[in-house]
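Q: Next comes entry.csv, CSV, C-alpha atoms and all ligand atoms:
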chain,number,residue,atom,x,y,z
U,1,MET,CA,-11.9,14.2,23.8
U,2,ALA,CA,-11.4,16.5,20.9
U,3,VAL,CA,-8.1,16.4,19.2
U,4,THR,CA,-6.5,18.7,16.6
U,5,ARG,CA,-5.5,17.0,13.4
U,6,PRO,CA,-1.6,17.1,13.1
U,7,PRO,CA,0.2,17.4,9.8
U,8,ALA,CA,-0.2,14.1,7.9
U,9,LEU,CA,2.5,11.5,8.6
U,10,VAL,CA,4.3,10.6,5.4
U,11,ALA,CA,5.0,6.9,5.3
U,12,LEU,CA,5.7,6.8,1.5
U,13,ARG,CA,6.4,9.4,-1.2
U,14,PHE,CA,7.3,8.8,-4.9
U,15,ASP,CA,9.4,11.4,-6.8
U,16,GLY,CA,8.8,10.0,-10.3
U,17,ALA,CA,11.7,7.7,-10.3
U,18,ALA,CA,12.3,6.4,-6.7
U,19,LEU,CA,10.2,5.6,-3.7
U,20,TYR,CA,11.1,7.2,-0.4
U,21,ALA,CA,9.8,5.4,2.7
U,22,LEU,CA,10.0,6.2,6.4
U,23,ASP,CA,11.9,3.2,7.8
U,24,GLN,CA,9.5,1.7,10.3
U,25,THR,CA,12.1,-0.6,11.8
U,26,ALA,CA,13.8,2.6,13.2
U,27,LEU,CA,10.7,4.0,14.8
U,28,PRO,CA,9.8,5.4,17.3
U,29,PHE,CA,13.4,6.5,18.1
U,30,ASN,CA,14.7,7.6,14.7
U,31,GLU,CA,12.8,9.1,11.7
U,32,VAL,CA,14.9,7.9,8.8
U,33,GLU,CA,13.8,8.0,5.2
U,34,LEU,CA,15.0,5.2,2.8
U,35,GLU,CA,15.5,5.8,-0.9
U,36,LEU,CA,14.3,2.7,-2.9
U,37,ALA,CA,15.2,3.0,-6.6
U,38,SER,CA,14.4,-0.6,-7.8
U,39,ALA,CA,11.8,-3.3,-7.4
U,40,ALA,CA,14.5,-5.3,-5.5
U,41,ASP,CA,15.0,-2.4,-3.0
U,42,VAL,CA,11.2,-2.1,-2.4
U,43,ALA,CA,10.8,-5.9,-2.0
U,44,ALA,CA,13.6,-6.1,0.5
U,45,ALA,CA,12.1,-3.1,2.5
U,46,ILE,CA,8.7,-4.9,2.6
U,47,ARG,CA,10.3,-8.2,3.7
U,48,ARG,CA,12.2,-6.7,6.6
U,49,LEU,CA,9.1,-4.6,7.5
U,50,SER,CA,10.7,-1.2,6.9
U,51,ILE,CA,7.4,-0.8,4.9
U,52,ARG,CA,4.5,-2.8,6.4
U,53,GLY,CA,0.7,-2.9,6.8
U,54,ALA,CA,-1.5,-4.5,4.2
U,55,PRO,CA,-2.6,-1.5,2.1
U,56,LEU,CA,0.8,0.2,2.4
U,57,ILE,CA,2.8,-2.7,1.1
U,58,GLY,CA,0.4,-2.9,-1.8
U,59,VAL,CA,0.9,0.7,-2.7
U,60,ALA,CA,4.7,0.4,-2.1
U,61,ALA,CA,4.8,-2.6,-4.5
U,62,ALA,CA,2.9,-0.6,-7.1
U,63,TYR,CA,5.5,2.2,-6.9
U,64,GLY,CA,8.2,-0.5,-6.9
U,65,VAL,CA,7.1,-1.7,-10.3
U,66,ALA,CA,6.9,1.9,-11.5
U,67,ALA,CA,10.5,2.6,-10.2
U,68,GLU,CA,11.8,-0.4,-12.0
U,69,LEU,CA,10.2,0.5,-15.3
U,70,THR,CA,11.7,4.0,-15.2
U,71,ARG,CA,15.1,2.2,-15.1
U,72,ASP,CA,14.3,-0.5,-17.6
U,73,PRO,CA,10.9,-0.4,-19.4
U,74,SER,CA,11.2,-3.8,-21.0
U,75,GLN,CA,8.6,-6.6,-20.8
U,76,GLU,CA,11.2,-8.8,-19.0
U,77,SER,CA,11.8,-6.1,-16.4
U,78,LEU,CA,8.0,-5.8,-15.8
U,79,GLU,CA,7.5,-9.5,-15.3
U,80,ALA,CA,10.5,-9.9,-13.0
U,81,ALA,CA,9.5,-6.9,-10.9
U,82,CYS,CA,5.9,-8.1,-10.6
U,83,GLU,CA,7.0,-11.6,-9.5
U,84,LEU,CA,9.5,-10.3,-7.0
U,85,LEU,CA,7.1,-7.8,-5.4
U,86,ARG,CA,4.0,-10.1,-5.4
U,87,ASP,CA,6.0,-12.7,-3.5
U,88,ALA,CA,7.6,-10.3,-1.0
U,89,ARG,CA,5.2,-11.4,1.7
U,90,PRO,CA,2.5,-14.1,1.4
U,91,THR,CA,-0.5,-13.1,3.6
U,92,ALA,CA,-1.7,-9.7,2.6
U,93,VAL,CA,-3.7,-9.9,-0.6
U,94,ASN,CA,-3.1,-6.2,-1.2
U,95,LEU,CA,0.4,-7.0,-2.7
U,96,SER,CA,-0.9,-9.1,-5.6
U,97,TYR,CA,-3.9,-6.8,-6.0
U,98,ALA,CA,-1.7,-3.7,-6.5
U,99,VAL,CA,1.0,-5.4,-8.5
U,100,ASP,CA,-1.5,-7.0,-10.9
U,101,ARG,CA,-3.3,-3.7,-11.4
U,102,VAL,CA,-0.1,-1.9,-12.4
U,103,ARG,CA,0.9,-4.8,-14.6
U,104,GLN,CA,-2.5,-4.7,-16.5
U,105,ALA,CA,-2.2,-0.9,-16.9
U,106,VAL,CA,1.3,-1.3,-18.4
U,107,LEU,CA,0.2,-4.1,-20.7
U,108,ARG,CA,-2.6,-1.8,-22.0
U,109,ALA,CA,-0.2,1.2,-22.5
U,110,ASP,CA,1.7,2.4,-25.6
U,111,PRO,CA,5.1,0.8,-25.5
U,112,ALA,CA,6.7,4.2,-25.3
U,113,GLU,CA,4.6,5.1,-22.3
U,114,VAL,CA,5.0,2.1,-20.0
U,115,ALA,CA,6.8,3.8,-17.2
U,116,ALA,CA,4.3,6.7,-17.2
U,117,ALA,CA,1.4,4.2,-17.2
U,118,ALA,CA,2.9,2.4,-14.2
U,119,VAL,CA,3.4,5.6,-12.3
U,120,ALA,CA,-0.1,6.8,-13.0
U,121,GLU,CA,-1.7,3.5,-11.9
U,122,ALA,CA,0.4,3.4,-8.7
U,123,GLN,CA,-0.7,7.0,-7.9
U,124,ALA,CA,-4.3,6.0,-8.6
U,125,ILE,CA,-4.1,3.1,-6.2
U,126,ASP,CA,-2.5,5.3,-3.6
U,127,ALA,CA,-5.2,8.0,-3.9
U,128,GLU,CA,-8.0,5.3,-3.8
U,129,GLU,CA,-6.6,3.8,-0.6
U,130,ALA,CA,-6.4,7.2,1.0
U,131,ALA,CA,-10.0,7.9,0.1
U,132,ALA,CA,-11.0,4.5,1.4
U,133,SER,CA,-9.3,5.3,4.7
U,134,ASP,CA,-11.4,8.4,5.2
U,135,ALA,CA,-14.6,6.5,4.3
U,136,MET,CA,-13.7,3.7,6.7
U,137,ALA,CA,-13.1,6.3,9.4
U,138,ARG,CA,-16.6,7.7,9.0
U,139,HIS,CA,-18.4,4.4,8.8
U,140,GLY,CA,-16.5,2.9,11.7
U,141,ALA,CA,-17.0,6.0,13.9
U,142,GLU,CA,-20.8,5.8,13.3
U,143,LEU,CA,-20.8,2.1,14.2
U,144,LEU,CA,-18.7,2.7,17.4
U,145,ALA,CA,-20.3,6.0,18.4
U,146,SER,CA,-21.0,4.8,21.9
U,147,ALA,CA,-17.6,3.2,22.6
U,148,ARG,CA,-15.5,5.2,25.1
U,149,ARG,CA,-12.5,2.9,25.7
U,150,VAL,CA,-11.3,0.9,22.7
U,151,MET,CA,-8.5,-1.7,22.4
U,152,THR,CA,-6.5,-2.1,19.2
U,153,HIS,CA,-3.7,-4.5,18.1
U,154,CYS,CA,-0.6,-4.2,16.0
U,155,ASN,CA,-0.4,-0.9,13.9
U,156,THR,CA,-3.2,0.2,11.5
U,157,GLY,CA,-2.6,3.9,11.2
U,158,ALA,CA,-1.0,6.2,8.6
U,159,LEU,CA,2.1,3.9,8.8
U,160,ALA,CA,0.1,0.9,7.7
U,161,ALA,CA,-2.2,2.4,5.0
U,162,PRO,CA,-2.5,5.5,2.9
U,163,GLY,CA,-4.5,8.4,4.5
U,164,ARG,CA,-5.2,7.8,8.2
U,165,GLY,CA,-5.0,4.0,8.0
U,166,THR,CA,-7.7,1.4,8.8
U,167,ALA,CA,-8.7,0.7,12.4
U,168,LEU,CA,-6.6,3.6,13.7
U,169,ALA,CA,-8.4,5.9,11.3
U,170,VAL,CA,-11.7,4.9,13.0
U,171,ILE,CA,-10.1,5.6,16.4
U,172,ALA,CA,-8.8,9.0,15.2
U,173,GLU,CA,-12.2,9.9,13.9
U,174,LEU,CA,-13.9,8.9,17.2
U,175,ALA,CA,-11.3,11.1,19.0
U,176,GLN,CA,-12.0,13.9,16.6
U,177,ARG,CA,-15.8,13.6,17.2
U,178,GLY,CA,-15.1,13.9,20.9
U,179,SER,CA,-16.6,10.6,22.1
U,180,LEU,CA,-13.4,8.7,22.8
U,181,GLN,CA,-12.0,8.5,26.4
U,182,GLY,CA,-8.9,6.5,25.6
U,183,VAL,CA,-7.2,3.7,23.7
U,184,VAL,CA,-5.5,0.6,25.0
U,185,ALA,CA,-2.8,-0.5,22.5
U,186,THR,CA,-1.3,-4.0,22.7
U,187,GLU,CA,2.5,-4.4,22.3
U,188,SER,CA,2.2,-6.9,19.5
U,189,ARG,CA,5.2,-9.1,20.1
U,190,PRO,CA,7.5,-10.1,18.6
U,191,LEU,CA,8.2,-7.0,16.5
U,192,LEU,CA,6.2,-4.6,18.8
U,193,GLN,CA,4.3,-2.7,16.1
U,194,GLY,CA,1.9,-1.7,18.9
U,195,ALA,CA,4.5,-0.5,21.3
U,196,ARG,CA,6.7,1.2,18.6
U,197,LEU,CA,4.3,2.4,15.9
U,198,THR,CA,0.8,2.7,17.3
U,199,VAL,CA,2.1,4.5,20.4
U,200,TYR,CA,4.1,6.8,18.1
U,201,GLU,CA,1.0,7.5,16.0
U,202,LEU,CA,-1.3,8.0,19.0
U,203,THR,CA,1.2,10.4,20.5
U,204,LYS,CA,1.4,12.4,17.3
U,205,LEU,CA,-2.4,12.5,17.1
U,206,GLY,CA,-2.7,13.6,20.7
U,207,ILE,CA,-5.0,10.7,21.6
U,208,ASP,CA,-4.9,9.5,25.2
U,209,HIS,CA,-3.6,5.9,25.3
U,210,GLU,CA,-2.1,3.2,27.4
U,211,LEU,CA,0.2,0.4,26.3
U,212,VAL,CA,-0.3,-3.2,27.6
U,213,VAL,CA,1.6,-6.4,27.1
U,214,ASP,CA,-0.3,-8.8,24.8
U,215,GLY,CA,-0.9,-11.2,27.8
U,216,ALA,CA,-2.9,-8.5,29.7
U,217,ALA,CA,-5.4,-7.9,26.9
U,218,ALA,CA,-7.9,-10.6,27.7
U,219,GLY,CA,-8.0,-9.8,31.4
U,220,LEU,CA,-8.7,-6.2,30.7
U,221,ILE,CA,-11.5,-7.1,28.3
U,222,ALA,CA,-13.0,-9.5,30.8
U,223,GLY,CA,-12.7,-6.9,33.6
U,224,GLY,CA,-15.1,-4.5,31.7
U,225,GLU,CA,-12.4,-2.0,30.9
U,226,ILE,CA,-12.9,-2.0,27.2
U,227,ASP,CA,-16.1,-1.2,25.2
U,228,ALA,CA,-14.9,-2.5,21.8
U,229,VAL,CA,-11.9,-4.0,20.1
U,230,ILE,CA,-11.0,-2.8,16.6
U,231,VAL,CA,-8.2,-4.2,14.5
U,232,GLY,CA,-7.2,-4.2,10.8
U,233,CYS,CA,-6.8,-7.1,8.5
U,234,ASP,CA,-4.4,-8.6,5.9
U,235,ARG,CA,-6.7,-10.8,4.0
U,236,VAL,CA,-10.5,-11.4,4.3
U,237,ALA,CA,-11.8,-14.6,2.8
U,238,ALA,CA,-15.1,-14.8,0.8
U,239,ASN,CA,-16.9,-16.2,3.9
U,240,GLY,CA,-15.6,-13.3,6.1
U,241,ASP,CA,-12.8,-15.2,7.9
U,242,VAL,CA,-9.9,-12.8,8.6
U,243,ALA,CA,-6.1,-13.1,8.7
U,244,ASN,CA,-4.5,-10.4,10.9
U,245,LYS,CA,-1.5,-9.9,13.2
U,246,VAL,CA,-0.9,-12.9,15.4
U,247,GLY,CA,-2.8,-12.4,18.7
U,248,THR,CA,-6.0,-11.1,16.9
U,249,TYR,CA,-7.8,-14.4,17.4
U,250,GLY,CA,-7.3,-14.4,21.1
U,251,LEU,CA,-8.7,-10.8,21.3
U,252,ALA,CA,-11.8,-11.9,19.3
U,253,LEU,CA,-12.4,-14.8,21.7
U,254,ALA,CA,-12.1,-12.6,24.7
U,255,ALA,CA,-14.4,-10.0,23.2
U,256,GLN,CA,-17.0,-12.6,22.4
U,257,ALA,CA,-16.8,-14.2,25.9
U,258,THR,CA,-17.3,-10.7,27.4
U,259,GLY,CA,-20.0,-9.6,25.0
U,260,ILE,CA,-18.3,-6.6,23.5
U,261,PRO,CA,-18.0,-5.8,19.8
U,262,PHE,CA,-15.0,-7.1,17.9
U,263,VAL,CA,-14.7,-5.0,14.8
U,264,VAL,CA,-12.4,-5.4,11.8
U,265,ALA,CA,-11.6,-2.5,9.5
U,266,GLY,CA,-10.0,-2.8,6.1
U,267,PRO,CA,-10.5,-1.6,2.5
U,268,THR,CA,-12.2,-3.9,0.0
U,269,THR,CA,-8.8,-4.4,-1.6
U,270,THR,CA,-8.1,-6.6,1.4
U,271,ILE,CA,-11.0,-8.9,0.6
U,272,ASP,CA,-9.9,-11.9,-1.5
U,273,ALA,CA,-13.1,-13.3,-3.1
U,274,THR,CA,-11.0,-16.1,-4.7
U,275,CYS,CA,-10.2,-17.5,-1.2
U,276,ALA,CA,-13.2,-19.4,0.2
U,277,SER,CA,-12.2,-19.5,3.8
U,278,ALA,CA,-9.4,-19.1,6.3
U,279,ALA,CA,-8.2,-22.6,5.4
U,280,GLU,CA,-6.9,-21.2,2.1
U,281,ILE,CA,-5.0,-18.3,3.6
U,282,GLN,CA,-1.2,-18.7,3.8
U,283,ILE,CA,0.2,-17.5,7.1
U,284,GLU,CA,3.7,-16.0,6.9
U,285,GLN,CA,6.3,-17.8,9.1
U,286,ARG,CA,9.1,-15.4,10.0
U,287,ASP,CA,12.6,-15.9,11.4
U,288,ALA,CA,12.9,-17.5,14.8
U,289,ASP,CA,15.3,-14.9,15.9
U,290,GLU,CA,12.5,-12.3,16.0
U,291,VAL,CA,11.1,-14.4,19.0
U,292,ARG,CA,14.5,-15.2,20.5
U,293,CYS,CA,15.5,-11.5,20.6
U,294,ALA,CA,14.1,-8.1,21.1
U,295,ALA,CA,15.9,-4.9,19.9
U,296,GLY,CA,19.0,-7.1,19.3
U,297,ALA,CA,19.1,-8.5,22.9
U,298,ALA,CA,18.7,-12.2,23.5
U,299,LEU,CA,15.5,-13.1,25.5
U,300,THR,CA,16.0,-16.8,25.9
U,301,VAL,CA,18.5,-19.6,25.8
U,302,ALA,CA,20.5,-19.5,22.6
U,303,GLY,CA,19.2,-21.9,20.0
U,304,THR,CA,15.8,-22.3,21.6
U,305,ARG,CA,13.4,-23.7,19.0
U,306,CYS,CA,10.8,-21.0,18.2
U,307,ARG,CA,7.8,-20.7,16.0
U,308,ASN,CA,7.0,-17.3,14.6
U,309,PRO,CA,3.7,-17.1,12.7
U,310,ALA,CA,3.2,-13.4,11.8
U,311,PHE,CA,-0.6,-13.7,11.5
U,312,ASP,CA,-3.5,-15.8,12.8
U,313,LEU,CA,-6.9,-16.6,11.6
U,314,THR,CA,-10.2,-15.3,13.1
U,315,PRO,CA,-13.4,-17.0,12.0
U,316,ALA,CA,-16.1,-14.7,10.7
U,317,GLY,CA,-18.5,-15.9,13.5
U,318,LEU,CA,-16.3,-14.1,16.1
U,319,ILE,CA,-16.4,-10.8,14.1
U,320,SER,CA,-19.2,-8.4,15.0
U,321,ALA,CA,-18.7,-6.2,11.9
U,322,LEU,CA,-16.4,-5.6,9.0
U,323,VAL,CA,-15.9,-1.9,8.2
U,324,THR,CA,-14.9,-1.0,4.7
U,325,GLU,CA,-15.0,2.1,2.5
U,326,ARG,CA,-18.2,0.8,0.9
U,327,GLY,CA,-19.9,0.4,4.2
U,328,ILE,CA,-20.3,-2.3,6.9
U,329,ALA,CA,-20.9,-6.0,6.7
U,330,ALA,CA,-22.7,-7.3,9.8
U,331,PRO,CA,-23.1,-10.1,10.5
U,332,VAL,CA,-19.9,-11.0,8.7
U,333,ASP,CA,-20.6,-13.9,6.3
U,334,GLY,CA,-20.5,-14.8,2.6
U,335,ALA,CA,-23.8,-13.1,1.9
U,336,SER,CA,-22.8,-9.8,3.5
U,337,ILE,CA,-19.4,-9.8,1.9
U,338,ARG,CA,-20.9,-10.4,-1.5
U,339,ALA,CA,-23.4,-7.6,-0.9
U,340,LEU,CA,-20.6,-5.3,0.1
U,341,LEU,CA,-18.6,-6.1,-3.0
U,342,ALA,CA,-21.6,-5.5,-5.2
U,343,ARG,CA,-22.1,-1.9,-3.9
U,401,LIG,O1,3.3,-7.7,9.9
U,401,LIG,P1,2.8,-6.3,9.7
U,401,LIG,O2,3.4,-5.3,10.6
U,401,LIG,O3,2.7,-5.9,8.3
U,401,LIG,O4,1.3,-6.6,10.2
U,401,LIG,C1,0.3,-5.6,9.9
U,401,LIG,C2,-1.0,-6.0,10.5
U,401,LIG,O5,-1.2,-7.1,10.9
U,401,LIG,C3,-2.0,-5.0,10.5
U,401,LIG,O6,-3.0,-5.3,11.5
U,401,LIG,C4,-2.7,-5.0,9.2
U,401,LIG,O7,-1.9,-4.9,8.1
U,401,LIG,C5,-3.8,-4.1,9.2
U,401,LIG,S1,-4.3,-3.1,7.9
U,401,LIG,C6,-3.5,-1.6,8.2
What do you get writing this file as structure tokens?
A:
Amino acid sequence: MAVTRPPALVALRFDGAALYALDQTALPFNEVELELASAADVAAAIRRLSIRGAPLIGVAAAYGVAAELTRDPSQESLEAACELLRDARPTAVNLSYAVDRVRQAVLRADPAEVAAAAVAEAQAIDAEEAAASDAMARHGAELLASARRVMTHCNTGALAAPGRGTALAVIAELAQRGSLQGVVATESRPLLQGARLTVYELTKLGIDHELVVDGAAAGLIAGGEIDAVIVGCDRVAANGDVANKVGTYGLALAAQATGIPFVVAGPTTTIDATCASAAEIQIEQRDADEVRCAAGAALTVAGTRCRNPAFDLTPAGLISALVTERGIAAPVDGASIRALLAR
């Protein structure tokens, strides 16, 4: 199925002083742009998921430090902005990666040039992530050249990472090469990133797709309706264990039980070599009301105790391949991750 490439979706843009972000909480119904003029504005937008997706929150945080320094270029302002943005969400390592890179660039800069240095470093990270997206798309499409029907989870396209995204970039490349027959997107409760954002992106891309409730996914995989599952990642440990949107682990188990590939795509900026295994990855626990309600309407008995982990952990042994901009790690283990990082 060949598709024409539509104009790029602009999730973030920086005008030299403020960051403008498409408010992802309003999608797919309203395309609203937020003006974020301070580190506090950007951190709040990341916390409420107006800006989301591991590489995108890293880039947004980098611009958040830059925006803050255009207002107040002092050392105190730099340190406060970095701390606020690094801690906005705990699971994706891209946040600390990008914030620390901008901080180092600022510390190296002439004191009169700190804001310009922060802007330049943020733009460099943004451009590198966009280039990584294109490279991942190529590597992933070669790996999955024979897959006709793929399943994906959460949202991993241009709303979640610069360029075309991570897993969804691979899917878009497969569609462009003409081999893809269709995509099955999971809803991704509780915040419905699949139903709201992946469907929005696939519609814009003109890629044939169906939406299923999360509970239907394993049965479809077992029934032979899916050739491969491909998802993104928020943190990859040194041994290849992966943290990604809650529900990923179940898809990996179903894929292994059925004998189809379970592929993870993400830039090397999502690999945390300081984290030995999944046991060291902090899982974000979000507000119980996200489970109790949907689109503002109550779904259950008021006050029901709910647990709301935003991510889960998939052991490396369940992952057929890790697709990065530097190439593919397969099997996924400490040795293949080290070899990838050494490229
Ligand atoms: O909580 P979110 O919406 O930021 O979760 C995002 C994901 O889990 C994505 O799968 C992940 O960031 C993939 S990388 C684009």
Q: Kindly give the distance, in Å, that separates CA of Arg338 (chain U) and CA of Ala172 (chain U), rounded to a single decimal.
A: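 Rounded to one decimal, the two atoms are 28.3 Å apart.
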Q: Suppose you want the space between CA of Asn239 (chain U) and atom S1 of ligand LIG 401 (chain U); what is it in Å?
A: 18.6 Å
Q: Write as JSON, numbers by chain the residues around ligand LIG 401 (chain U), taking 9 Å as the cut-off and counting all atoms listed in the file.
A: {"U": [46, 49, 51, 52, 53, 54, 55, 56, 57, 89, 92, 153, 154, 155, 156, 157, 158, 159, 160, 161, 162, 165, 166, 167, 168, 191, 192, 193, 231, 232, 233, 234, 235, 243, 244, 245, 246, 248, 265, 266, 267, 270, 284, 310, 311]}
Q: What are the closest atom pairs, with distances in Å to one decimal, for each residue of region 102-171 of chain U lying within 9 Å of region 326-333 of chain U, using only C-alpha atoms, rows by chain and rising residue number, as a tab-separated table?
A:
residue	atom	partner	partner_atom	distance
U:Ala132	CA	U:Arg326	CA	8.1
U:Ala135	CA	U:Arg326	CA	7.6
U:Met136	CA	U:Gly327	CA	7.5
U:His139	CA	U:Gly327	CA	6.3
U:Gly140	CA	U:Ile328	CA	8.0
U:Leu143	CA	U:Ile328	CA	8.5
Q: Nearest to Ala26 (chain U): which of U:Arg148, U:Arg101, U:Arg48, U:Arg71 is it, counting all atoms listed in the file?
A: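 When distances to Ala26 (chain U) are compared using all atoms listed in the file, the smallest one comes from U:Arg48.
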Q: Which of these residues is nearest to Gly247 (chain U), using all atoms listed in the file: U:Asn30, U:Asn308, U:Asn94, U:Gln104?
A: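 Going through U:Asn30, U:Asn308, U:Asn94, U:Gln104 one by one, the smallest distance to Gly247 (chain U) is for U:Asn308.
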Q: Please provide as a PyMOL selection string all residues within 9 Å of Leu19 (chain U), with the sequence filter that same-chain residues fewer than 2 positions apart are discarded (counting all atoms listed in the file).
A: chain U and resi 12-17+21+34-38+42+60+63-64+67
Q: Using only C-alpha atoms, please write the residues we just selected to a file, as a short mmCIF file (atom, residue, chain, number, x, y, z; two decimals), keeping the file's coordinate frame.
A:
data_model
loop_
_atom_site.label_atom_id
_atom_site.label_comp_id
_atom_site.auth_asym_id
_atom_site.auth_seq_id
_atom_site.Cartn_x
_atom_site.Cartn_y
_atom_site.Cartn_z
CA LEU U 12 5.70 6.80 1.50
CA ARG U 13 6.40 9.40 -1.20
CA PHE U 14 7.30 8.80 -4.90
CA ASP U 15 9.40 11.40 -6.80
CA GLY U 16 8.80 10.00 -10.30
CA ALA U 17 11.70 7.70 -10.30
CA ALA U 21 9.80 5.40 2.70
CA LEU U 34 15.00 5.20 2.80
CA GLU U 35 15.50 5.80 -0.90
CA LEU U 36 14.30 2.70 -2.90
CA ALA U 37 15.20 3.00 -6.60
CA SER U 38 14.40 -0.60 -7.80
CA VAL U 42 11.20 -2.10 -2.40
CA ALA U 60 4.70 0.40 -2.10
CA TYR U 63 5.50 2.20 -6.90
CA GLY U 64 8.20 -0.50 -6.90
CA ALA U 67 10.50 2.60 -10.20
#
